[in-house]
file final_3.txt (compact mmCIF, C-alpha atoms)
# COMPACT_ATOMS: atom_id res chain seq x y z
CA MET G 1 -16.16 -1.82 -0.30
CA SER G 2 -16.91 0.09 -3.46
CA THR G 3 -14.53 0.07 -6.38
CA LYS G 4 -14.30 3.86 -6.18
CA HIS G 5 -13.20 3.68 -2.55
CA GLN G 6 -10.67 0.95 -3.38
CA ASP G 7 -9.29 3.02 -6.29
CA ASN G 8 -9.02 6.03 -3.99
CA LEU G 9 -7.08 4.00 -1.41
CA LYS G 10 -4.73 2.69 -4.14
CA GLN G 11 -3.98 6.25 -5.25
CA ARG G 12 -3.31 7.28 -1.66
CA CYS G 13 -1.04 4.29 -1.14
CA ASP G 14 0.89 5.15 -4.29
CA CYS G 15 1.36 8.72 -3.03
CA LEU G 16 2.59 7.50 0.36
CA LEU G 17 4.97 5.05 -1.30
CA THR G 18 6.35 7.81 -3.51
CA VAL G 19 7.13 9.86 -0.39
CA LEU G 20 8.67 6.90 1.43
CA LEU G 21 10.58 5.22 -1.40
CA GLY G 22 10.62 7.42 -4.47
CA LYS G 23 8.51 7.05 -7.60
CA ASP G 24 10.83 4.50 -9.22
CA GLN G 25 10.35 2.01 -6.35
CA VAL G 26 6.54 2.03 -6.08
CA ASP G 27 5.87 -0.87 -8.49
CA THR G 28 8.67 -2.91 -6.95
CA TRP G 29 7.18 -2.48 -3.47
CA TRP G 30 3.71 -3.59 -4.61
CA ASN G 31 5.07 -6.75 -6.24
CA SER G 32 7.69 -7.89 -3.70
CA SER G 33 7.23 -10.02 -0.61
CA HIS G 34 7.05 -7.79 2.44
CA SER G 35 7.68 -8.62 6.09
CA GLY G 36 4.98 -6.14 7.16
CA MET G 37 2.52 -8.25 5.18
CA TYR G 38 3.74 -11.56 6.68
CA GLY G 39 5.75 -12.35 3.58
CA ALA G 40 2.90 -11.69 1.15
CA LYS G 41 3.02 -9.27 -1.75
CA PRO G 42 1.24 -6.04 -0.85
CA ILE G 43 -0.72 -6.14 -4.13
CA ASP G 44 -2.23 -9.49 -3.07
CA VAL G 45 -3.06 -8.22 0.42
CA PHE G 46 -4.60 -5.08 -1.07
CA ALA G 47 -6.91 -7.17 -3.26
CA LYS G 48 -8.40 -8.73 -0.12
CA ASP G 49 -8.02 -5.93 2.43
CA PRO G 50 -7.06 -2.52 0.97
CA GLU G 51 -7.37 -0.72 4.29
CA ARG G 52 -4.76 -3.01 5.85
CA VAL G 53 -2.18 -1.89 3.30
CA TYR G 54 -3.19 1.76 3.59
CA ASN G 55 -3.01 1.66 7.39
CA HIS G 56 0.39 -0.03 7.23
CA LEU G 57 1.72 2.78 5.06
CA MET G 58 0.18 5.47 7.26
CA ASN G 59 1.97 3.92 10.23
CA ARG G 60 5.25 3.94 8.27
CA ILE G 61 4.83 7.66 7.53
CA GLY G 62 4.37 8.28 11.23
CA ASN G 63 7.32 6.07 12.20
CA PRO G 64 9.86 6.06 9.34
call {"tool": "encode", "arguments": {"input": "final_3.txt", "output": "structure tokens"}}
result
Amino acid sequence: MSTKHQDNLKQRCDCLLTVLLGKDQVDTWWNSSHSGMYGAKPIDVFAKDPERVYNHLMNRIGNP
């Protein structure tokens, strides 16, 4: 995956998180353990599989 594509997905994820949680909670979400990521921090999962995090957030938008 290209860096440009990964950067684009990160921006999209940040936008989705802002809608779901509010701007002040975005950094906290990225750096906290998350049950939807099997207890891993989303930032660590994103480093290995950005589309997994993006798809997770898209599913949350569809099923809040």
call {"tool": "closest_residue", "arguments": {"input": "final_3.txt", "among": "G:Ile43, G:Leu57, G:Leu9, G:Leu16", "to": "Trp30 (chain G)", "atoms": "all atoms listed in the file"}}
result
G:Ile43
call {"tool": "atom_distance", "arguments": {"input": "final_3.txt", "atom1": "CA of Pro50 (chain G)", "atom2": "CA of Ser33 (chain G)"}}
result
16.2 Å
call {"tool": "residues_around", "arguments": {"input": "final_3.txt", "residues": "Cys13 (chain G)", "least_positions_apart": "2", "cutoff": "12 Å", "atoms": "all atoms listed in the file", "output": "PDB file with C-alpha atoms, in the coordinates of the input"}}
result
ATOM      1  CA  GLN G   6     -10.670   0.950  -3.380  1.00  0.00           C
ATOM      2  CA  ASP G   7      -9.290   3.020  -6.290  1.00  0.00           C
ATOM      3  CA  ASN G   8      -9.020   6.030  -3.990  1.00  0.00           C
ATOM      4  CA  LEU G   9      -7.080   4.000  -1.410  1.00  0.00           C
ATOM      5  CA  LYS G  10      -4.730   2.690  -4.140  1.00  0.00           C
ATOM      6  CA  GLN G  11      -3.980   6.250  -5.250  1.00  0.00           C
ATOM      7  CA  CYS G  15       1.360   8.720  -3.030  1.00  0.00           C
ATOM      8  CA  LEU G  16       2.590   7.500   0.360  1.00  0.00           C
ATOM      9  CA  LEU G  17       4.970   5.050  -1.300  1.00  0.00           C
ATOM     10  CA  THR G  18       6.350   7.810  -3.510  1.00  0.00           C
ATOM     11  CA  VAL G  19       7.130   9.860  -0.390  1.00  0.00           C
ATOM     12  CA  LEU G  20       8.670   6.900   1.430  1.00  0.00           C
ATOM     13  CA  LEU G  21      10.580   5.220  -1.400  1.00  0.00           C
ATOM     14  CA  LYS G  23       8.510   7.050  -7.600  1.00  0.00           C
ATOM     15  CA  VAL G  26       6.540   2.030  -6.080  1.00  0.00           C
ATOM     16  CA  ASP G  27       5.870  -0.870  -8.490  1.00  0.00           C
ATOM     17  CA  TRP G  29       7.180  -2.480  -3.470  1.00  0.00           C
ATOM     18  CA  TRP G  30       3.710  -3.590  -4.610  1.00  0.00           C
ATOM     19  CA  PRO G  42       1.240  -6.040  -0.850  1.00  0.00           C
ATOM     20  CA  ILE G  43      -0.720  -6.140  -4.130  1.00  0.00           C
ATOM     21  CA  PHE G  46      -4.600  -5.080  -1.070  1.00  0.00           C
ATOM     22  CA  PRO G  50      -7.060  -2.520   0.970  1.00  0.00           C
ATOM     23  CA  GLU G  51      -7.370  -0.720   4.290  1.00  0.00           C
ATOM     24  CA  ARG G  52      -4.760  -3.010   5.850  1.00  0.00           C
ATOM     25  CA  VAL G  53      -2.180  -1.890   3.300  1.00  0.00           C
ATOM     26  CA  TYR G  54      -3.190   1.760   3.590  1.00  0.00           C
ATOM     27  CA  ASN G  55      -3.010   1.660   7.390  1.00  0.00           C
ATOM     28  CA  HIS G  56       0.390  -0.030   7.230  1.00  0.00           C
ATOM     29  CA  LEU G  57       1.720   2.780   5.060  1.00  0.00           C
ATOM     30  CA  MET G  58       0.180   5.470   7.260  1.00  0.00           C
ATOM     31  CA  ASN G  59       1.970   3.920  10.230  1.00  0.00           C
ATOM     32  CA  ARG G  60       5.250   3.940   8.270  1.00  0.00           C
ATOM     33  CA  ILE G  61       4.830   7.660   7.530  1.00  0.00           C
TER      34      ILE G  61
END
call {"tool": "atom_distance", "arguments": {"input": "final_3.txt", "atom1": "CA of Ser2 (chain G)", "atom2": "CA of Met37 (chain G)"}}
result
22.8 Å
call {"tool": "atom_distance", "arguments": {"input": "final_3.txt", "atom1": "CA of Asp49 (chain G)", "atom2": "CA of Lys4 (chain G)"}}
result
14.5 Å
